[in-house]
file model.cif (mmCIF, C-alpha atoms)
data_target
loop_
_atom_site.label_atom_id
_atom_site.label_comp_id
_atom_site.auth_asym_id
_atom_site.auth_seq_id
_atom_site.Cartn_x
_atom_site.Cartn_y
_atom_site.Cartn_z
CA MET A 756 -40.53 1.97 -12.51
CA PRO A 757 -41.59 2.70 -8.94
CA GLU A 758 -42.97 5.88 -7.49
CA VAL A 759 -40.25 7.73 -5.56
CA ILE A 760 -41.10 9.61 -2.42
CA LEU A 761 -38.66 11.68 -0.39
CA ASP A 762 -39.92 12.42 3.08
CA ARG A 763 -38.34 15.39 4.87
CA ILE A 764 -34.77 14.62 3.82
CA SER A 765 -31.93 16.50 5.52
CA LYS A 766 -28.24 16.00 5.01
CA THR A 767 -25.35 17.48 6.93
CA ILE A 768 -21.83 17.12 5.57
CA HIS A 769 -18.90 18.35 7.66
CA LYS A 770 -21.27 20.21 10.02
CA LYS A 771 -22.77 22.09 7.07
CA LYS A 772 -26.42 21.60 6.24
CA VAL A 773 -26.56 20.72 2.55
CA LEU A 774 -30.19 19.61 2.36
CA ASP A 775 -32.80 20.96 4.70
CA ASP A 776 -36.16 19.26 4.99
CA ILE A 777 -36.75 18.26 1.38
CA SER A 778 -39.95 16.45 0.49
CA LEU A 779 -40.67 15.34 -3.05
CA ARG A 780 -42.98 12.94 -4.82
CA VAL A 781 -42.10 11.60 -8.26
CA GLU A 782 -44.99 9.70 -9.76
CA GLU A 783 -44.51 6.58 -11.77
CA GLY A 784 -43.59 7.29 -15.38
CA SER A 785 -43.11 11.02 -14.87
CA PHE A 786 -40.14 13.10 -15.98
CA VAL A 787 -38.78 15.43 -13.32
CA CYS A 788 -36.07 18.06 -13.61
CA LEU A 789 -34.26 19.42 -10.57
CA LEU A 790 -32.88 22.89 -11.21
CA GLY A 791 -30.58 24.75 -8.89
CA PRO A 792 -27.32 26.65 -8.59
CA ALA A 793 -23.99 24.83 -8.32
CA GLY A 794 -23.45 23.49 -4.85
CA GLY A 795 -27.19 23.53 -4.21
CA GLY A 796 -27.37 19.87 -3.26
CA LYS A 797 -28.80 18.39 -6.47
CA THR A 798 -26.14 15.69 -6.69
CA THR A 799 -26.42 14.94 -2.99
CA LEU A 800 -30.17 14.43 -3.38
CA LEU A 801 -29.62 12.11 -6.35
CA LYS A 802 -27.01 10.17 -4.40
CA ILE A 803 -29.46 9.78 -1.53
CA ILE A 804 -32.05 8.37 -3.92
CA ALA A 805 -29.46 6.02 -5.40
CA GLY A 806 -28.31 4.97 -1.94
CA LEU A 807 -24.74 6.24 -2.27
CA GLU A 808 -25.28 8.69 0.57
CA MET A 809 -27.32 8.25 3.73
CA PRO A 810 -29.64 11.10 4.69
CA SER A 811 -29.01 12.60 8.13
CA ALA A 812 -32.77 12.72 8.65
CA GLY A 813 -35.85 11.69 6.70
CA ALA A 814 -36.70 8.69 4.57
CA VAL A 815 -36.75 7.50 0.96
CA TYR A 816 -39.66 5.39 -0.31
CA PHE A 817 -39.91 3.37 -3.51
CA ASP A 818 -43.58 2.37 -3.99
CA GLN A 819 -44.45 2.93 -0.33
CA GLU A 820 -41.49 0.78 0.71
CA ASN A 821 -38.90 2.41 2.95
CA VAL A 822 -35.50 1.93 1.27
CA THR A 823 -33.51 4.52 3.25
CA THR A 824 -30.95 2.03 4.53
CA ARG A 825 -30.96 -0.28 1.52
CA GLU A 826 -27.62 -0.80 -0.24
CA PRO A 827 -27.34 0.81 -3.70
CA TYR A 828 -26.88 -2.52 -5.47
CA LYS A 829 -30.21 -3.76 -4.11
CA ARG A 830 -32.17 -0.71 -5.28
CA ASP A 831 -31.99 -1.18 -9.05
CA VAL A 832 -31.43 2.52 -9.68
CA SER A 833 -29.42 4.02 -12.54
CA MET A 834 -27.51 7.25 -12.39
CA VAL A 835 -25.33 9.10 -14.88
CA PHE A 836 -22.40 10.82 -13.26
CA GLN A 837 -21.13 14.29 -13.95
CA ASP A 838 -17.72 12.96 -14.93
CA PHE A 839 -18.49 9.74 -16.65
CA ALA A 840 -16.45 7.08 -14.98
CA LEU A 841 -14.90 4.36 -17.07
CA TYR A 842 -13.03 1.61 -15.33
CA PRO A 843 -9.55 2.21 -16.74
CA HIS A 844 -8.19 -1.19 -15.80
CA MET A 845 -10.94 -3.14 -17.57
CA SER A 846 -11.50 -3.82 -21.25
CA VAL A 847 -14.35 -2.13 -23.13
CA PHE A 848 -16.30 -5.37 -22.99
CA LYS A 849 -15.90 -5.66 -19.22
CA ASN A 850 -16.87 -2.03 -18.76
CA ILE A 851 -20.12 -2.57 -20.59
CA ALA A 852 -20.80 -6.01 -19.19
CA SER A 853 -20.32 -4.87 -15.59
CA PRO A 854 -24.05 -4.56 -14.73
CA LEU A 855 -24.78 -7.87 -16.45
CA ARG A 856 -22.07 -9.53 -14.42
CA ALA A 857 -23.57 -8.06 -11.29
CA LYS A 858 -26.85 -9.79 -12.10
CA LYS A 859 -24.85 -13.03 -12.14
CA LEU A 860 -25.98 -13.97 -15.62
CA PRO A 861 -24.22 -17.04 -16.98
CA LYS A 862 -20.80 -16.36 -18.47
CA ASN A 863 -21.79 -16.46 -22.13
CA GLN A 864 -24.86 -14.35 -21.57
CA PRO A 865 -23.31 -10.86 -21.86
CA ALA A 866 -21.92 -11.66 -25.28
CA GLN A 867 -25.31 -12.82 -26.50
CA ARG A 868 -27.13 -9.78 -25.21
CA TRP A 869 -24.97 -7.51 -27.34
CA MET B 1401 8.97 26.40 -34.74
CA LYS B 1402 10.75 27.42 -31.63
CA LYS B 1403 14.37 26.50 -31.58
CA VAL B 1404 15.22 23.96 -28.94
CA GLN B 1405 17.81 25.37 -26.62
CA ARG B 1406 20.92 23.23 -26.59
CA GLU B 1407 22.74 22.57 -23.38
CA SER B 1408 26.24 23.91 -23.50
CA TRP B 1409 29.17 21.53 -23.66
CA GLY B 1410 30.55 22.81 -20.36
CA TYR B 1411 27.26 22.25 -18.56
CA LYS B 1412 27.08 18.68 -19.82
CA LEU B 1413 30.59 17.97 -18.60
CA PHE B 1414 29.91 19.56 -15.25
CA ARG B 1415 26.78 17.49 -14.82
CA LEU B 1416 28.60 14.31 -15.75
CA VAL B 1417 31.41 14.92 -13.28
CA PHE B 1418 28.96 15.95 -10.56
CA LEU B 1419 26.85 12.82 -11.01
CA LEU B 1420 29.85 10.52 -11.23
CA PHE B 1421 31.18 11.98 -8.01
CA PHE B 1422 27.95 11.24 -6.15
CA ILE B 1423 27.62 7.79 -7.66
CA ALA B 1424 31.16 7.08 -6.49
CA VAL B 1425 30.42 8.33 -2.98
CA PHE B 1426 27.28 6.23 -2.69
CA LEU B 1427 28.75 3.13 -4.25
CA LEU B 1428 31.99 3.17 -2.26
CA PRO B 1429 30.62 1.30 0.81
CA ILE B 1430 28.94 -1.24 -1.48
CA TRP B 1431 32.16 -1.68 -3.41
CA TRP B 1432 34.07 -2.06 -0.15
CA MET B 1433 31.59 -4.71 0.99
CA ILE B 1434 31.83 -6.71 -2.22
CA LYS B 1435 35.61 -6.38 -2.32
CA THR B 1436 36.12 -7.40 1.30
CA SER B 1437 33.95 -10.46 0.83
CA VAL B 1438 36.20 -11.87 -1.91
CA ILE B 1439 39.72 -11.18 -0.61
CA ALA B 1440 41.89 -13.22 1.70
CA ARG B 1441 41.21 -12.84 5.40
CA THR B 1442 44.57 -11.26 6.12
CA ASP B 1443 43.94 -8.62 3.45
CA THR B 1444 40.72 -7.41 5.10
CA VAL B 1445 42.62 -5.50 7.77
CA LEU B 1446 45.35 -4.01 5.57
CA TYR B 1447 46.20 -0.39 6.18
CA PRO B 1448 46.19 1.57 3.95
CA PRO B 1449 43.44 -0.46 2.27
CA HIS B 1450 43.67 -1.67 -1.31
CA TYR B 1451 40.81 -0.45 -3.44
CA LEU B 1452 41.12 -3.34 -5.85
CA PRO B 1453 41.33 -6.96 -4.73
CA ASN B 1454 44.63 -8.71 -5.45
CA GLY B 1455 43.35 -12.20 -6.09
CA LEU B 1456 39.90 -13.62 -5.44
CA GLU B 1457 39.06 -15.92 -2.58
CA PHE B 1458 35.57 -17.12 -1.81
CA ASP B 1459 36.41 -18.44 1.61
CA GLY B 1460 33.80 -16.20 3.30
CA TYR B 1461 30.98 -17.52 1.11
CA ILE B 1462 32.07 -21.12 1.57
CA ARG B 1463 32.19 -20.73 5.33
CA ILE B 1464 28.68 -19.23 5.33
CA TRP B 1465 27.41 -22.01 3.12
CA ASN B 1466 28.85 -24.64 5.46
CA ASP B 1467 27.74 -22.85 8.61
CA GLN B 1468 25.09 -24.59 10.63
CA GLY B 1469 22.82 -21.62 11.14
CA LEU B 1470 23.42 -18.98 8.52
CA PRO B 1471 21.54 -20.50 5.55
CA TYR B 1472 18.61 -20.82 7.96
CA LEU B 1473 18.86 -17.17 8.94
CA TYR B 1474 19.02 -16.17 5.32
CA PHE B 1475 15.82 -17.98 4.50
CA ASN B 1476 14.23 -16.61 7.69
CA THR B 1477 15.01 -13.01 6.78
CA ILE B 1478 13.31 -13.37 3.41
CA ARG B 1479 10.36 -15.22 4.89
CA ILE B 1480 9.77 -12.92 7.87
CA ASN B 1481 10.06 -9.71 5.88
CA ILE B 1482 7.76 -10.81 3.09
CA MET B 1483 5.17 -12.16 5.54
CA ALA B 1484 5.35 -8.95 7.59
CA ALA B 1485 4.90 -6.80 4.49
CA VAL B 1486 1.93 -8.89 3.37
CA LEU B 1487 0.36 -8.72 6.83
CA ALA B 1488 0.84 -4.96 7.03
CA LEU B 1489 -0.82 -4.59 3.62
CA LEU B 1490 -3.68 -6.95 4.48
CA LEU B 1491 -4.52 -4.85 7.53
CA GLY B 1492 -3.42 -1.47 6.25
CA VAL B 1493 -5.16 -1.27 2.88
CA PRO B 1494 -8.71 -1.87 4.20
CA ALA B 1495 -7.97 0.58 7.04
CA ALA B 1496 -6.78 3.15 4.51
CA TYR B 1497 -9.93 2.56 2.46
CA ALA B 1498 -12.11 3.18 5.51
CA ALA B 1499 -10.15 6.31 6.41
CA SER B 1500 -10.52 7.59 2.87
CA ARG B 1501 -14.16 6.81 2.15
CA TYR B 1502 -16.07 6.77 5.43
CA GLU B 1503 -16.95 9.66 7.67
CA PHE B 1504 -16.57 8.91 11.34
CA TRP B 1505 -16.08 10.82 14.51
CA GLY B 1506 -12.53 12.03 15.13
CA LYS B 1507 -11.27 10.87 11.74
CA GLU B 1508 -8.89 13.70 10.93
CA GLY B 1509 -7.96 14.83 14.41
CA GLY B 1510 -7.82 11.61 16.35
CA PHE B 1511 -7.71 8.56 14.15
CA MET B 1512 -5.03 9.38 11.60
CA PHE B 1513 -2.90 11.13 14.19
CA THR B 1514 -3.10 8.24 16.64
CA ILE B 1515 -2.07 5.81 13.93
CA LEU B 1516 0.96 7.86 13.02
CA SER B 1517 1.84 8.62 16.64
CA THR B 1518 2.87 4.99 17.15
CA ARG B 1519 5.91 5.90 15.06
CA PHE B 1520 6.85 8.91 17.19
CA LEU B 1521 8.65 6.90 19.84
CA PRO B 1522 12.00 5.33 19.09
CA PRO B 1523 11.46 1.54 18.99
CA ALA B 1524 13.86 1.09 21.91
CA THR B 1525 11.36 2.67 24.30
CA ALA B 1526 8.73 0.11 23.36
CA LEU B 1527 11.12 -2.78 23.63
CA VAL B 1528 10.68 -3.77 27.28
CA PRO B 1529 6.85 -3.53 27.33
CA LEU B 1530 6.76 -5.37 24.02
CA PHE B 1531 8.97 -8.11 25.39
CA PHE B 1532 6.72 -8.64 28.40
CA LEU B 1533 3.62 -8.57 26.22
CA TYR B 1534 5.18 -11.16 23.96
CA LYS B 1535 6.17 -13.26 26.93
CA TYR B 1536 2.58 -13.47 28.11
CA LEU B 1537 1.34 -14.17 24.61
CA GLY B 1538 3.96 -16.84 24.04
CA LEU B 1539 5.35 -15.01 21.02
CA VAL B 1540 8.93 -14.64 22.23
CA ASP B 1541 11.32 -16.54 19.99
CA SER B 1542 8.88 -17.33 17.23
CA ILE B 1543 8.74 -16.37 13.58
CA TRP B 1544 5.24 -15.01 14.01
CA GLY B 1545 6.34 -12.76 16.85
CA LEU B 1546 8.78 -10.98 14.56
CA VAL B 1547 6.29 -10.92 11.70
CA VAL B 1548 3.71 -9.21 13.90
CA ALA B 1549 6.26 -6.75 15.28
CA TYR B 1550 7.52 -5.79 11.82
CA ALA B 1551 4.00 -5.52 10.43
CA GLY B 1552 3.16 -3.26 13.38
CA LEU B 1553 6.16 -1.07 12.62
CA ASN B 1554 5.08 -0.66 9.02
CA LEU B 1555 1.32 -0.43 9.49
CA PRO B 1556 1.11 3.34 10.18
CA ILE B 1557 3.08 4.13 7.05
CA VAL B 1558 0.95 1.79 4.97
CA VAL B 1559 -2.26 3.40 6.25
CA TRP B 1560 -1.03 6.95 5.63
CA VAL B 1561 0.38 6.38 2.19
CA MET B 1562 -2.43 4.14 0.96
CA ARG B 1563 -5.04 6.54 2.29
CA SER B 1564 -3.76 9.39 0.14
CA PHE B 1565 -3.44 6.95 -2.75
CA ILE B 1566 -7.08 5.86 -2.43
CA ASP B 1567 -8.14 9.50 -2.03
CA GLU B 1568 -6.87 10.03 -5.58
CA ILE B 1569 -9.22 7.42 -7.02
CA PRO B 1570 -12.43 9.28 -7.88
CA MET B 1571 -15.43 8.35 -5.81
CA ALA B 1572 -17.59 8.29 -8.99
CA MET B 1573 -15.67 5.22 -10.12
CA GLU B 1574 -16.82 3.06 -7.23
CA GLU B 1575 -20.22 4.66 -7.04
CA SER B 1576 -20.99 3.88 -10.64
CA TYR B 1577 -19.74 0.35 -10.09
CA MET B 1578 -22.07 -0.03 -7.11
CA LEU B 1579 -24.97 1.29 -9.17
CA ASP B 1580 -24.17 -1.36 -11.75
CA GLY B 1581 -25.40 -3.67 -9.04
CA HIS B 1582 -22.22 -4.65 -7.22
CA SER B 1583 -21.82 -4.53 -3.46
CA ARG B 1584 -19.33 -2.25 -1.74
CA VAL B 1585 -17.09 -5.21 -0.98
CA THR B 1586 -17.00 -6.23 -4.65
CA ALA B 1587 -16.30 -2.62 -5.58
CA PHE B 1588 -13.37 -2.64 -3.17
CA PHE B 1589 -11.88 -5.75 -4.74
CA LYS B 1590 -12.65 -4.94 -8.37
CA ILE B 1591 -12.13 -1.17 -8.47
CA ILE B 1592 -10.08 0.05 -5.52
CA LEU B 1593 -7.57 -2.79 -5.33
CA PRO B 1594 -6.65 -2.90 -9.03
CA LEU B 1595 -6.43 0.89 -9.27
CA SER B 1596 -4.27 1.19 -6.18
CA ALA B 1597 -2.04 -1.70 -7.24
CA PRO B 1598 0.94 0.59 -7.99
CA GLY B 1599 0.65 2.01 -4.47
CA ILE B 1600 0.39 -1.45 -2.98
CA ALA B 1601 3.47 -2.55 -4.92
CA ALA B 1602 5.36 0.51 -3.70
CA MET B 1603 4.32 -0.14 -0.11
CA PHE B 1604 5.34 -3.78 -0.37
CA MET B 1605 8.78 -2.62 -1.46
CA ILE B 1606 9.04 0.06 1.24
CA CYS B 1607 7.86 -2.30 4.00
CA ASN B 1608 10.53 -4.77 2.97
CA PHE B 1609 13.43 -2.41 3.01
CA LEU B 1610 12.35 -0.70 6.23
CA THR B 1611 12.66 -3.91 8.19
CA TRP B 1612 15.17 -5.84 6.10
CA GLY B 1613 18.19 -5.01 8.24
CA GLU B 1614 16.25 -4.51 11.47
CA PHE B 1615 18.42 -5.53 14.42
CA LEU B 1616 17.02 -4.32 17.75
CA LEU B 1617 13.66 -6.11 17.83
CA ALA B 1618 15.12 -9.25 16.30
CA ALA B 1619 17.89 -9.32 18.89
CA VAL B 1620 15.51 -9.02 21.83
CA LEU B 1621 12.49 -11.00 20.65
CA THR B 1622 14.28 -14.06 19.27
CA THR B 1623 16.82 -16.32 20.92
CA THR B 1624 17.32 -19.41 18.79
CA ILE B 1625 18.58 -19.88 15.25
CA PRO B 1626 15.36 -21.21 13.65
CA ASN B 1627 13.67 -17.88 14.41
CA GLN B 1628 16.47 -15.37 13.96
CA THR B 1629 17.35 -13.13 11.05
CA LEU B 1630 20.50 -12.35 9.13
CA PRO B 1631 21.51 -9.15 10.99
CA ILE B 1632 21.68 -11.19 14.20
CA GLY B 1633 23.79 -13.81 12.48
CA ALA B 1634 26.15 -11.15 11.16
CA ALA B 1635 26.51 -9.58 14.61
CA GLN B 1636 27.54 -12.91 16.10
CA LEU B 1637 30.56 -13.05 13.81
CA GLU B 1638 32.11 -10.33 15.91
CA GLY B 1639 33.97 -12.73 18.17
CA ASP B 1640 36.87 -12.95 20.56
CA ILE B 1641 39.38 -13.47 17.78
CA GLY B 1642 38.40 -10.25 16.05
CA ILE B 1643 35.79 -9.33 13.52
CA LEU B 1644 35.34 -11.78 10.69
CA TRP B 1645 35.00 -9.11 8.01
CA GLN B 1646 35.16 -11.58 5.20
CA GLN B 1647 32.08 -13.45 6.35
CA ILE B 1648 30.17 -10.40 7.56
CA THR B 1649 30.55 -8.71 4.19
CA ALA B 1650 29.67 -11.94 2.41
CA ILE B 1651 26.43 -11.97 4.44
CA GLY B 1652 25.92 -8.35 3.44
CA VAL B 1653 26.32 -9.15 -0.25
CA LEU B 1654 24.04 -12.18 -0.12
CA GLY B 1655 21.52 -10.39 2.07
CA ALA B 1656 21.31 -7.48 -0.34
CA ILE B 1657 20.40 -9.70 -3.29
CA PRO B 1658 16.73 -10.50 -2.49
CA ILE B 1659 15.85 -6.94 -1.47
CA THR B 1660 17.54 -5.59 -4.60
CA LEU B 1661 15.52 -8.01 -6.73
CA ILE B 1662 12.30 -6.96 -4.97
CA ILE B 1663 13.07 -3.30 -5.64
CA ILE B 1664 14.02 -3.84 -9.28
CA PHE B 1665 10.88 -5.87 -9.91
CA PHE B 1666 8.43 -3.52 -8.23
CA GLN B 1667 10.03 -0.33 -9.49
CA ARG B 1668 9.08 -1.24 -13.04
CA TYR B 1669 5.54 -1.92 -11.93
CA LEU B 1670 5.41 1.40 -10.13
CA VAL B 1671 6.27 3.56 -13.13
CA ARG B 1672 3.72 1.81 -15.33
CA GLY B 1673 0.98 2.23 -12.77
CA PHE B 1674 1.24 5.97 -12.39
CA SER B 1675 0.63 6.67 -16.06
CA PHE B 1676 -2.92 5.35 -15.93
CA GLY B 1677 -5.59 7.79 -17.10
CA ILE B 1678 -8.63 7.59 -14.86
CA LEU B 1679 -11.32 10.15 -15.62
CA LYS B 1680 -12.04 11.36 -19.11
#
call {"tool": "encode", "arguments": {"input": "model.cif", "output": "structure tokens"}}
result
Amino acid sequence: MPEVILDRISKTIHKKKVLDDISLRVEEGSFVCLLGPAGGGKTTLLKIIAGLEMPSAGAVYFDQENVTTREPYKRDVSMVFQDFALYPHMSVFKNIASPLRAKKLPKNQPAQRW
Amino acid sequence: MKKVQRESWGYKLFRLVFLLFFIAVFLLPIWWMIKTSVIARTDTVLYPPHYLPNGLEFDGYIRIWNDQGLPYLYFNTIRINIMAAVLALLLGVPAAYAASRYEFWGKEGGFMFTILSTRFLPPATALVPLFFLYKYLGLVDSIWGLVVAYAGLNLPIVVWVMRSFIDEIPMAMEESYMLDGHSRVTAFFKIILPLSAPGIAAMFMICNFLTWGEFLLAAVLTTTIPNQTLPIGAAQLEGDIGILWQQITAIGVLGAIPITLIIIFFQRYLVRGFSFGILK
């Protein structure tokens, strides 16, 4: 698990400043809780760490490495969503095997892992 | 338990009569078309008209079958419309995805409006410029010319409808798929496309019946039989010796069959698709 560093992150959505100059350091192996009122930008910050949103300013570092522009699927980050999203058009097996498929494991591998 | 309120007998009867009346009004032209196509040529111009055929005669169909060009045109109409619908969807669905998911300058004000504004003008006003453009591009009198023109006619509608359809698919769905380790492109193909399949089916159907009987563009942009469509063929049956109603209506009946089949097939798909539960 890498150390996560946020360096002066700002985010503007629809001309409204959602995050303003946020810096944060999460050390390896630590457990951090972000508390704030609804609409305070907690989800936006998480999405920026996961790579689902791009910060308007600032940078994200994983172990000193700048990952600000890295695609989410190359970051190896997990996130649990507020509304848990199942893929309604896929079977239970495919829903669960989705990350394993993404890693391009051989076809029989998902079944063995479970 | 609350007692279910029964509809009164009179209301039921009224509704039945009301609906039958409208069904009759809407089906009358179709009935006339089918009837005219199977009666003798001399009977097609009878006045007052007979509402039921006295004797069947398939002369119109036989003449069409033996005609040099018409079977060609029939096949062309099916081919051009399906290709145009597919092309409009191939271009329109990714555009709708971008309009739904990405933020870019002038998205709401400029982009979506500009796309729709291409439908503001009546097609006739674009005809002459389009013809010259096609002349320079070498697209006059070719199947592809009509395919591109029809796809262009349908594209704004595809983008608008599919955009609102994709808006309905929760963002969390794709985002969680991307966090599983899939790229955005994979997420588009595996999440967005399957979930918007009912919309795509509906748009395929709508694209087809918007251009199925299109006459103006086809009349101007094509000149020879291998590239023309059925409406042009039907119009040419209006000759010096009068209007060949028998054959024109036979073309109408035959021409309506593929589009009816498309609608029946995709309608079923449509209803099933909307009852999907997405977020729990």
call {"tool": "axis_aligned_box", "arguments": {"input": "model.cif", "around": "stretch 758-761 of chain A", "padding_each_side": "6 Å", "output": "lines of an AutoDock Vina configuration file"}}
result
center_x = -40.8
center_y = 8.8
center_z = -3.9
size_x = 16.3
size_y = 17.8
size_z = 19.1
call {"tool": "residues_around", "arguments": {"input": "model.cif", "residues": "stretch 1544-1549 of chain B", "least_positions_apart": "4", "cutoff": "7 Å", "atoms": "only C-alpha atoms", "output": "JSON, numbers by chain"}}
result
{"B": [1480, 1483, 1484, 1539, 1540, 1553, 1618]}
call {"tool": "closest_atom_pairs", "arguments": {"input": "model.cif", "of": "chain A", "to": "chain B", "cutoff": "9 Å", "atoms": "all atoms listed in the file", "output": "JSON lines"}}
result
{"residue": "A:His769", "atom": "CA", "partner": "B:Glu1503", "partner_atom": "CA", "distance": 8.9}
{"residue": "A:Ala805", "atom": "CA", "partner": "B:Leu1579", "partner_atom": "CA", "distance": 7.5}
{"residue": "A:Gly806", "atom": "CA", "partner": "B:Leu1579", "partner_atom": "CA", "distance": 8.8}
{"residue": "A:Leu807", "atom": "CA", "partner": "B:Glu1575", "partner_atom": "CA", "distance": 6.8}
{"residue": "A:Glu826", "atom": "CA", "partner": "B:Ser1583", "partner_atom": "CA", "distance": 7.6}
{"residue": "A:Pro827", "atom": "CA", "partner": "B:Leu1579", "partner_atom": "CA", "distance": 6.0}
{"residue": "A:Tyr828", "atom": "CA", "partner": "B:Gly1581", "partner_atom": "CA", "distance": 4.0}
{"residue": "A:Lys829", "atom": "CA", "partner": "B:Gly1581", "partner_atom": "CA", "distance": 6.9}
{"residue": "A:Arg830", "atom": "CA", "partner": "B:Gly1581", "partner_atom": "CA", "distance": 8.3}
{"residue": "A:Asp831", "atom": "CA", "partner": "B:Gly1581", "partner_atom": "CA", "distance": 7.0}
{"residue": "A:Val832", "atom": "CA", "partner": "B:Leu1579", "partner_atom": "CA", "distance": 6.6}
{"residue": "A:Ser833", "atom": "CA", "partner": "B:Leu1579", "partner_atom": "CA", "distance": 6.2}
{"residue": "A:Met834", "atom": "CA", "partner": "B:Leu1579", "partner_atom": "CA", "distance": 7.2}
{"residue": "A:Val835", "atom": "CA", "partner": "B:Ser1576", "partner_atom": "CA", "distance": 8.0}
{"residue": "A:Phe836", "atom": "CA", "partner": "B:Ala1572", "partner_atom": "CA", "distance": 6.9}
{"residue": "A:Gln837", "atom": "CA", "partner": "B:Ala1572", "partner_atom": "CA", "distance": 8.6}
{"residue": "A:Asp838", "atom": "CA", "partner": "B:Leu1679", "partner_atom": "CA", "distance": 7.0}
{"residue": "A:Phe839", "atom": "CA", "partner": "B:Lys1680", "partner_atom": "CA", "distance": 7.1}
{"residue": "A:Ala840", "atom": "CA", "partner": "B:Met1573", "partner_atom": "CA", "distance": 5.3}
{"residue": "A:Leu841", "atom": "CA", "partner": "B:Leu1679", "partner_atom": "CA", "distance": 7.0}
{"residue": "A:Tyr842", "atom": "CA", "partner": "B:Met1573", "partner_atom": "CA", "distance": 6.9}
{"residue": "A:Pro843", "atom": "CA", "partner": "B:Ile1678", "partner_atom": "CA", "distance": 5.8}
{"residue": "A:His844", "atom": "CA", "partner": "B:Leu1595", "partner_atom": "CA", "distance": 7.1}
{"residue": "A:Ser853", "atom": "CA", "partner": "B:Asp1580", "partner_atom": "CA", "distance": 6.5}
{"residue": "A:Pro854", "atom": "CA", "partner": "B:Asp1580", "partner_atom": "CA", "distance": 4.4}
{"residue": "A:Leu855", "atom": "CA", "partner": "B:Asp1580", "partner_atom": "CA", "distance": 8.1}
{"residue": "A:Arg856", "atom": "CA", "partner": "B:Gly1581", "partner_atom": "CA", "distance": 8.6}
{"residue": "A:Ala857", "atom": "CA", "partner": "B:Gly1581", "partner_atom": "CA", "distance": 5.3}
{"residue": "A:Lys858", "atom": "CA", "partner": "B:Gly1581", "partner_atom": "CA", "distance": 7.0}
call {"tool": "residues_around", "arguments": {"input": "model.cif", "residues": "B:Leu1593", "least_positions_apart": "2", "cutoff": "12 Å", "atoms": "only C-alpha atoms", "output": "list in words"}}
result
His844 of chain A; Leu1489, Leu1490, Val1493, Pro1494, Ala1496, Tyr1497, Met1562, Phe1565, Ile1566, Ile1569, Glu1574, Val1585, Thr1586, Ala1587, Phe1588, Phe1589, Lys1590, Ile1591, Leu1595, Ser1596, Ala1597, Pro1598, Gly1599, Ile1600 and Ala1601 of chain B
call {"tool": "residues_around", "arguments": {"input": "model.cif", "residues": "stretch 794-797 of chain A", "least_positions_apart": "4", "cutoff": "8 Å", "atoms": "all atoms listed in the file", "output": "JSON, numbers by chain"}}
result
{"A": [773, 774, 789, 790, 801]}
call {"tool": "resolve_selection", "arguments": {"input": "model.cif", "expression": "the PyMOL selection byres ((chain A and resi 823) around 8)", "output": "list in words"}}
result
Gly806, Met809, Pro810, Ala814, Val815, Tyr816, Asn821, Val822, Thr824 and Arg825 of chain A
call {"tool": "atom_distance", "arguments": {"input": "model.cif", "atom1": "atom CA of B:Phe1609", "atom2": "atom CA of B:Pro1529"}}
result
25.2 Å
call {"tool": "resolve_selection", "arguments": {"input": "model.cif", "expression": "the PyMOL selection byres ((chain A and resi 776-784) around 6)", "output": "PDB file with C-alpha atoms, in the frame of the given file"}}
result
ATOM      1  CA  PRO A 757     -41.590   2.700  -8.940  1.00  0.00           C
ATOM      2  CA  GLU A 758     -42.970   5.880  -7.490  1.00  0.00           C
ATOM      3  CA  VAL A 759     -40.250   7.730  -5.560  1.00  0.00           C
ATOM      4  CA  ILE A 760     -41.100   9.610  -2.420  1.00  0.00           C
ATOM      5  CA  LEU A 761     -38.660  11.680  -0.390  1.00  0.00           C
ATOM      6  CA  ASP A 762     -39.920  12.420   3.080  1.00  0.00           C
ATOM      7  CA  ARG A 763     -38.340  15.390   4.870  1.00  0.00           C
ATOM      8  CA  ILE A 764     -34.770  14.620   3.820  1.00  0.00           C
ATOM      9  CA  SER A 765     -31.930  16.500   5.520  1.00  0.00           C
ATOM     10  CA  ASP A 775     -32.800  20.960   4.700  1.00  0.00           C
ATOM     11  CA  SER A 785     -43.110  11.020 -14.870  1.00  0.00           C
TER      12      SER A 785
END
call {"tool": "atom_distance", "arguments": {"input": "model.cif", "atom1": "atom CA of B:Ile1632", "atom2": "atom CA of B:Val1653"}}
result
15.3 Å
call {"tool": "atom_distance", "arguments": {"input": "model.cif", "atom1": "atom CA of B:Asp1567", "atom2": "atom CA of B:Lys1507"}}
result
14.2 Å
call {"tool": "closest_residue", "arguments": {"input": "model.cif", "among": "B:Ala1495, B:Ile1625, B:Trp1612, B:Ser1542", "to": "B:Gly1655", "atoms": "all atoms listed in the file"}}
result
B:Trp1612
call {"tool": "residues_near_point", "arguments": {"input": "model.cif", "point": "(36.1, -9.0, 0.3)", "cutoff": "10 Å", "atoms": "all atoms listed in the file", "output": "number ranges by chain"}}
result
B: 1431-1441, 1443-1444, 1452-1453, 1456-1461, 1645-1650, 1653
